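Student: What follows is the file model-v3.pdb, containing PDB, N, CA, C and O atoms:
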ATOM      1  N   MET A   1     193.216 148.320  84.999
ATOM      2  CA  MET A   1     192.459 147.711  86.065
ATOM      3  C   MET A   1     191.486 148.748  86.627
ATOM      4  O   MET A   1     191.793 149.916  86.714
ATOM      5  N   LEU A   2     190.301 148.300  87.035
ATOM      6  CA  LEU A   2     189.319 149.199  87.601
ATOM      7  C   LEU A   2     189.766 149.699  88.959
ATOM      8  O   LEU A   2     190.461 149.013  89.697
ATOM      9  N   ASN A   3     189.339 150.888  89.276
ATOM     10  CA  ASN A   3     189.673 151.486  90.558
ATOM     11  C   ASN A   3     188.853 150.814  91.661
ATOM     12  O   ASN A   3     187.636 150.916  91.654
ATOM     13  N   PRO A   4     189.485 150.125  92.608
ATOM     14  CA  PRO A   4     188.716 149.436  93.652
ATOM     15  C   PRO A   4     188.027 150.395  94.613
ATOM     16  O   PRO A   4     187.075 150.039  95.269
ATOM     17  N   ASP A   5     188.478 151.630  94.691
ATOM     18  CA  ASP A   5     187.888 152.626  95.574
ATOM     19  C   ASP A   5     186.864 153.436  94.783
ATOM     20  O   ASP A   5     187.173 154.470  94.217
ATOM     21  N   ARG A   6     185.635 152.982  94.749
ATOM     22  CA  ARG A   6     184.596 153.611  93.934
ATOM     23  C   ARG A   6     184.230 155.009  94.399
ATOM     24  O   ARG A   6     183.669 155.775  93.643
ATOM     25  N   THR A   7     184.512 155.344  95.636
ATOM     26  CA  THR A   7     184.167 156.675  96.121
ATOM     27  C   THR A   7     185.006 157.746  95.438
ATOM     28  O   THR A   7     184.588 158.882  95.333
ATOM     29  N   ALA A   8     186.177 157.391  94.973
ATOM     30  CA  ALA A   8     187.066 158.361  94.345
ATOM     31  C   ALA A   8     186.713 158.617  92.885
ATOM     32  O   ALA A   8     187.052 159.650  92.347
ATOM     33  N   MET A   9     186.052 157.657  92.247
ATOM     34  CA  MET A   9     185.749 157.787  90.828
ATOM     35  C   MET A   9     184.242 157.764  90.602
ATOM     36  O   MET A   9     183.588 156.785  90.936
ATOM     37  N   PRO A  10     183.689 158.838  90.019
ATOM     38  CA  PRO A  10     182.248 158.823  89.735
ATOM     39  C   PRO A  10     181.946 157.834  88.615
ATOM     40  O   PRO A  10     182.787 157.602  87.741
ATOM     41  N   GLU A  11     180.764 157.228  88.668
ATOM     42  CA  GLU A  11     180.361 156.307  87.607
ATOM     43  C   GLU A  11     179.633 157.082  86.526
ATOM     44  O   GLU A  11     178.905 158.033  86.808
ATOM     45  N   LEU A  12     179.848 156.676  85.292
ATOM     46  CA  LEU A  12     179.197 157.285  84.139
ATOM     47  C   LEU A  12     178.198 156.306  83.547
ATOM     48  O   LEU A  12     178.400 155.095  83.611
ATOM     49  N   GLN A  13     177.163 156.840  82.973
ATOM     50  CA  GLN A  13     176.222 156.013  82.229
ATOM     51  C   GLN A  13     176.280 156.458  80.781
ATOM     52  O   GLN A  13     176.030 157.625  80.478
ATOM     53  N   LEU A  14     176.639 155.538  79.914
ATOM     54  CA  LEU A  14     176.771 155.835  78.495
ATOM     55  C   LEU A  14     175.624 155.180  77.740
ATOM     56  O   LEU A  14     175.102 154.154  78.150
ATOM     57  N   SER A  15     175.275 155.751  76.637
ATOM     58  CA  SER A  15     174.257 155.172  75.779
ATOM     59  C   SER A  15     174.927 154.774  74.467
ATOM     60  O   SER A  15     175.356 155.630  73.689
ATOM     61  N   LEU A  16     175.043 153.467  74.246
ATOM     62  CA  LEU A  16     175.730 152.938  73.070
ATOM     63  C   LEU A  16     174.850 151.909  72.376
ATOM     64  O   LEU A  16     174.070 151.220  73.023
ATOM     65  N   THR A  17     175.024 151.790  71.075
ATOM     66  CA  THR A  17     174.327 150.724  70.362
ATOM     67  C   THR A  17     175.033 149.403  70.643
ATOM     68  O   THR A  17     176.174 149.382  71.138
ATOM     69  N   LEU A  18     174.372 148.317  70.317
ATOM     70  CA  LEU A  18     174.980 147.003  70.485
ATOM     71  C   LEU A  18     176.257 146.904  69.651
ATOM     72  O   LEU A  18     177.282 146.397  70.110
ATOM     73  N   HIS A  19     176.204 147.438  68.444
ATOM     74  CA  HIS A  19     177.384 147.414  67.568
ATOM     75  C   HIS A  19     178.552 148.191  68.192
ATOM     76  O   HIS A  19     179.693 147.716  68.189
ATOM     77  N   GLU A  20     178.272 149.364  68.720
ATOM     78  CA  GLU A  20     179.322 150.171  69.344
ATOM     79  C   GLU A  20     179.918 149.460  70.563
ATOM     80  O   GLU A  20     181.130 149.478  70.770
ATOM     81  N   THR A  21     179.055 148.831  71.341
ATOM     82  CA  THR A  21     179.522 148.097  72.515
ATOM     83  C   THR A  21     180.421 146.936  72.103
ATOM     84  O   THR A  21     181.477 146.720  72.702
ATOM     85  N   ASN A  22     180.020 146.216  71.079
ATOM     86  CA  ASN A  22     180.844 145.110  70.594
ATOM     87  C   ASN A  22     182.178 145.603  70.046
ATOM     88  O   ASN A  22     183.204 144.939  70.194
ATOM     89  N   LEU A  23     182.175 146.761  69.424
ATOM     90  CA  LEU A  23     183.412 147.349  68.915
ATOM     91  C   LEU A  23     184.364 147.681  70.069
ATOM     92  O   LEU A  23     185.569 147.415  69.988
ATOM     93  N   ILE A  24     183.832 148.229  71.136
ATOM     94  CA  ILE A  24     184.649 148.524  72.324
ATOM     95  C   ILE A  24     185.201 147.234  72.915
ATOM     96  O   ILE A  24     186.386 147.154  73.254
ATOM     97  N   LEU A  25     184.360 146.211  73.023
ATOM     98  CA  LEU A  25     184.826 144.927  73.560
ATOM     99  C   LEU A  25     185.908 144.317  72.677
ATOM    100  O   LEU A  25     186.873 143.734  73.171
ATOM    101  N   GLU A  26     185.751 144.460  71.375
ATOM    102  CA  GLU A  26     186.765 143.961  70.440
ATOM    103  C   GLU A  26     188.100 144.671  70.663
ATOM    104  O   GLU A  26     189.162 144.041  70.695
ATOM    105  N   ALA A  27     188.044 145.978  70.824
ATOM    106  CA  ALA A  27     189.274 146.745  71.063
ATOM    107  C   ALA A  27     189.902 146.360  72.402
ATOM    108  O   ALA A  27     191.128 146.215  72.508
ATOM    109  N   LEU A  28     189.078 146.182  73.431
ATOM    110  CA  LEU A  28     189.603 145.771  74.730
ATOM    111  C   LEU A  28     190.246 144.382  74.655
ATOM    112  O   LEU A  28     191.206 144.096  75.365
ATOM    113  N   GLY A  29     189.726 143.548  73.767
ATOM    114  CA  GLY A  29     190.281 142.209  73.591
ATOM    115  C   GLY A  29     191.706 142.216  73.066
ATOM    116  O   GLY A  29     192.430 141.229  73.185
ATOM    117  N   GLU A  30     192.118 143.324  72.499
ATOM    118  CA  GLU A  30     193.482 143.458  71.989
ATOM    119  C   GLU A  30     194.463 143.873  73.088
ATOM    120  O   GLU A  30     195.667 143.836  72.886
ATOM    121  N   MET A  31     193.918 144.266  74.236
ATOM    122  CA  MET A  31     194.770 144.729  75.335
ATOM    123  C   MET A  31     195.133 143.563  76.256
ATOM    124  O   MET A  31     194.499 142.510  76.209
ATOM    125  N   PRO A  32     196.144 143.734  77.103
ATOM    126  CA  PRO A  32     196.522 142.673  78.036
ATOM    127  C   PRO A  32     195.342 142.289  78.943
ATOM    128  O   PRO A  32     194.694 143.157  79.541
ATOM    129  N   PHE A  33     195.074 140.994  79.026
ATOM    130  CA  PHE A  33     193.935 140.464  79.777
ATOM    131  C   PHE A  33     193.910 140.962  81.218
ATOM    132  O   PHE A  33     192.865 141.378  81.728
ATOM    133  N   ALA A  34     195.030 140.919  81.889
ATOM    134  CA  ALA A  34     195.092 141.305  83.300
ATOM    135  C   ALA A  34     194.647 142.747  83.509
ATOM    136  O   ALA A  34     194.145 143.095  84.578
ATOM    137  N   ARG A  35     194.805 143.556  82.499
ATOM    138  CA  ARG A  35     194.465 144.973  82.631
ATOM    139  C   ARG A  35     192.990 145.249  82.370
ATOM    140  O   ARG A  35     192.419 146.201  82.914
ATOM    141  N   VAL A  36     192.331 144.445  81.534
ATOM    142  CA  VAL A  36     190.975 144.787  81.091
ATOM    143  C   VAL A  36     189.890 143.765  81.427
ATOM    144  O   VAL A  36     188.717 144.014  81.176
ATOM    145  N   HIS A  37     190.242 142.625  81.997
ATOM    146  CA  HIS A  37     189.237 141.568  82.164
ATOM    147  C   HIS A  37     188.073 141.996  83.050
ATOM    148  O   HIS A  37     186.918 141.644  82.780
ATOM    149  N   GLN A  38     188.314 142.798  84.090
ATOM    150  CA  GLN A  38     187.217 143.248  84.950
ATOM    151  C   GLN A  38     186.297 144.214  84.207
ATOM    152  O   GLN A  38     185.071 144.170  84.366
ATOM    153  N   LEU A  39     186.877 145.059  83.397
ATOM    154  CA  LEU A  39     186.088 146.006  82.612
ATOM    155  C   LEU A  39     185.235 145.269  81.580
ATOM    156  O   LEU A  39     184.046 145.574  81.408
ATOM    157  N   ILE A  40     185.809 144.298  80.917
ATOM    158  CA  ILE A  40     185.064 143.498  79.942
ATOM    159  C   ILE A  40     183.894 142.800  80.622
ATOM    160  O   ILE A  40     182.763 142.812  80.124
ATOM    161  N   ALA A  41     184.133 142.208  81.774
ATOM    162  CA  ALA A  41     183.076 141.513  82.511
ATOM    163  C   ALA A  41     181.969 142.486  82.916
ATOM    164  O   ALA A  41     180.775 142.163  82.821
ATOM    165  N   LYS A  42     182.335 143.679  83.339
ATOM    166  CA  LYS A  42     181.350 144.675  83.756
ATOM    167  C   LYS A  42     180.484 145.112  82.573
ATOM    168  O   LYS A  42     179.262 145.215  82.689
ATOM    169  N   ILE A  43     181.108 145.343  81.436
ATOM    170  CA  ILE A  43     180.361 145.728  80.234
ATOM    171  C   ILE A  43     179.424 144.600  79.821
ATOM    172  O   ILE A  43     178.243 144.828  79.528
ATOM    173  N   GLN A  44     179.925 143.371  79.799
ATOM    174  CA  GLN A  44     179.103 142.230  79.397
ATOM    175  C   GLN A  44     177.927 142.022  80.346
ATOM    176  O   GLN A  44     176.810 141.743  79.902
ATOM    177  N   GLN A  45     178.158 142.161  81.628
ATOM    178  CA  GLN A  45     177.100 141.975  82.621
ATOM    179  C   GLN A  45     175.988 143.010  82.432
ATOM    180  O   GLN A  45     174.803 142.673  82.419
ATOM    181  N   GLN A  46     176.376 144.265  82.278
ATOM    182  CA  GLN A  46     175.380 145.316  82.109
ATOM    183  C   GLN A  46     174.632 145.179  80.786
ATOM    184  O   GLN A  46     173.412 145.368  80.726
ATOM    185  N   ALA A  47     175.353 144.830  79.733
ATOM    186  CA  ALA A  47     174.714 144.663  78.427
ATOM    187  C   ALA A  47     173.730 143.494  78.458
ATOM    188  O   ALA A  47     172.611 143.608  77.941
ATOM    189  N   HIS A  48     174.132 142.400  79.071
ATOM    190  CA  HIS A  48     173.241 141.233  79.159
ATOM    191  C   HIS A  48     171.952 141.589  79.896
ATOM    192  O   HIS A  48     170.857 141.242  79.448
ATOM    193  N   ALA A  49     172.073 142.284  81.019
ATOM    194  CA  ALA A  49     170.897 142.663  81.803
ATOM    195  C   ALA A  49     169.965 143.565  80.988
ATOM    196  O   ALA A  49     168.742 143.391  81.016
ATOM    197  N   GLN A  50     170.540 144.515  80.247
ATOM    198  CA  GLN A  50     169.714 145.424  79.457
ATOM    199  C   GLN A  50     169.056 144.715  78.285
ATOM    200  O   GLN A  50     167.882 144.962  77.979
ATOM    201  N   LEU A  51     169.788 143.826  77.625
ATOM    202  CA  LEU A  51     169.207 143.085  76.505
ATOM    203  C   LEU A  51     168.113 142.149  76.989
ATOM    204  O   LEU A  51     167.088 141.989  76.326
ATOM    205  N   GLN A  52     168.307 141.526  78.141
ATOM    206  CA  GLN A  52     167.293 140.642  78.713
ATOM    207  C   GLN A  52     166.031 141.437  79.039
ATOM    208  O   GLN A  52     164.926 140.993  78.755
ATOM    209  N   ALA A  53     166.193 142.618  79.622
ATOM    210  CA  ALA A  53     165.051 143.463  79.955
ATOM    211  C   ALA A  53     164.311 143.883  78.681
ATOM    212  O   ALA A  53     163.078 143.925  78.655
ATOM    213  N   THR A  54     165.045 144.173  77.623
ATOM    214  CA  THR A  54     164.437 144.551  76.349
ATOM    215  C   THR A  54     163.638 143.389  75.775
ATOM    216  O   THR A  54     162.527 143.564  75.300
ATOM    217  N   GLN A  55     164.198 142.183  75.839
ATOM    218  CA  GLN A  55     163.496 140.996  75.344
ATOM    219  C   GLN A  55     162.236 140.731  76.158
ATOM    220  O   GLN A  55     161.196 140.399  75.606
ATOM    221  N   ASP A  56     162.328 140.887  77.473
ATOM    222  CA  ASP A  56     161.170 140.662  78.331
ATOM    223  C   ASP A  56     160.061 141.656  78.016
ATOM    224  O   ASP A  56     158.893 141.298  77.945
ATOM    225  N   THR A  57     160.428 142.913  77.789
ATOM    226  CA  THR A  57     159.455 143.950  77.464
ATOM    227  C   THR A  57     158.811 143.660  76.119
ATOM    228  O   THR A  57     157.590 143.748  75.970
ATOM    229  N   THR A  58     159.613 143.283  75.144
ATOM    230  CA  THR A  58     159.094 142.973  73.808
ATOM    231  C   THR A  58     158.159 141.780  73.871
ATOM    232  O   THR A  58     157.087 141.788  73.260
ATOM    233  N   SER A  59     158.515 140.754  74.620
ATOM    234  CA  SER A  59     157.663 139.576  74.761
ATOM    235  C   SER A  59     156.338 139.933  75.410
ATOM    236  O   SER A  59     155.281 139.475  74.978
ATOM    237  N   SER A  60     156.377 140.765  76.424
ATOM    238  CA  SER A  60     155.151 141.193  77.102
ATOM    239  C   SER A  60     154.268 142.006  76.170
ATOM    240  O   SER A  60     153.052 141.825  76.141
ATOM    241  N   GLU A  61     154.876 142.894  75.392
ATOM    242  CA  GLU A  61     154.099 143.704  74.454
ATOM    243  C   GLU A  61     153.462 142.826  73.383
ATOM    244  O   GLU A  61     152.314 143.024  73.009
ATOM    245  N   ASN A  62     154.213 141.846  72.878
ATOM    246  CA  ASN A  62     153.668 140.949  71.862
ATOM    247  C   ASN A  62     152.524 140.114  72.420
ATOM    248  O   ASN A  62     151.532 139.871  71.738
ATOM    249  N   LEU A  63     152.641 139.653  73.649
ATOM    250  CA  LEU A  63     151.605 138.873  74.292
ATOM    251  C   LEU A  63     150.349 139.722  74.456
ATOM    252  O   LEU A  63     149.234 139.270  74.174
ATOM    253  N   THR A  64     150.512 140.962  74.880
ATOM    254  CA  THR A  64     149.369 141.862  75.059
ATOM    255  C   THR A  64     148.677 142.116  73.726
ATOM    256  O   THR A  64     147.463 142.068  73.649
ATOM    257  N   ARG A  65     149.435 142.371  72.681
ATOM    258  CA  ARG A  65     148.856 142.586  71.353
ATOM    259  C   ARG A  65     148.104 141.353  70.883
ATOM    260  O   ARG A  65     147.021 141.447  70.337
ATOM    261  N   SER A  66     148.691 140.184  71.107
ATOM    262  CA  SER A  66     148.065 138.941  70.687
ATOM    263  C   SER A  66     146.739 138.735  71.405
ATOM    264  O   SER A  66     145.751 138.334  70.795
ATOM    265  N   GLN A  67     146.698 139.044  72.676
ATOM    266  CA  GLN A  67     145.472 138.892  73.451
ATOM    267  C   GLN A  67     144.429 139.930  73.033
ATOM    268  O   GLN A  67     143.236 139.648  73.000
ATOM    269  N   ASP A  68     144.879 141.142  72.689
ATOM    270  CA  ASP A  68     143.963 142.192  72.248
ATOM    271  C   ASP A  68     143.332 141.870  70.910
ATOM    272  O   ASP A  68     142.212 142.285  70.635
ATOM    273  N   GLU A  69     144.045 141.126  70.072
ATOM    274  CA  GLU A  69     143.546 140.786  68.741
ATOM    275  C   GLU A  69     142.450 139.726  68.784
ATOM    276  O   GLU A  69     141.725 139.545  67.837
ATOM    277  N   ARG A  70     142.324 139.040  69.905
ATOM    278  CA  ARG A  70     141.321 137.964  70.008
ATOM    279  C   ARG A  70     139.952 138.489  70.159
ATOM    280  O   ARG A  70     139.315 139.231  70.416
TER     281      ARG A  70
END
Represent the supplied structure as structure tokens.
Tutor:
Amino acid sequence: MLNPDRTAMPELQLSLTLHETNLILEALGEMPFARVHQLIAKIQQQAHAQLQATQDTTSSENLTRSQDER
């Protein structure tokens, strides 16, 4: 279970590939749900936000290129 007192535990920022992240989620899925469900949700939330931002950036870049080609 995650530590509810965030002041006691520093947060880390990791850089992982999508494959590595999915591998971690797969391993967590083998553990008791009550122990890992908050961690799984946190990983999924952060990954979704980052992937969405990447898609938005890619879409904007493609739109700009398309307009420049005209």
Student: Quick check, in Å to one decimal: how far apart do atom C of A:Thr21 and atom N of A:Ser59 lie?
Tutor: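 Going from atom C of A:Thr21 over to atom N of A:Ser59, I get 22.9 Å.
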Student: If we count only C-alpha atoms and set the cut-off at 12 Å, which residues sit around A:Leu14, ignoring sequence neighbours fewer than 3 positions away in its own chain? Please answer as a ChimeraX atom specification.
Tutor: /A:11,17,20-21,43,46-47
Student: Around all listed atoms of stretch 11-17 of chain A, padded 3 Å per side, what centre and edge lengths does the axis-aligned box have in Å to one decimal, as lines of an AutoDock Vina configuration file?
Tutor:
center_x = 177.4
center_y = 153.7
center_z = 79.5
size_x = 12.7
size_y = 14.7
size_z = 24.3
Student: What does the distance between atom N of A:Lys42 and atom N of A:Glu61 come to in Å, to one decimal place?
Tutor: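 Atom-to-atom, atom N of A:Lys42 to atom N of A:Glu61, that is 28.6 Å.
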Student: Please write as an MDAnalysis selection string the full residue list that the PyMOL selection byres (((chain A and resi 36-40 and name CA) around 12) and name CA) yields on this file.
Tutor: chainID A and resid 1:4 21:35 41:47
Student: Between atom N of A:Leu51 and atom O of A:His19, what is the distance in Å, rounded to a tenth?
Tutor: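 Atom O of A:His19 lies at a distance of 14.2 Å from atom N of A:Leu51.
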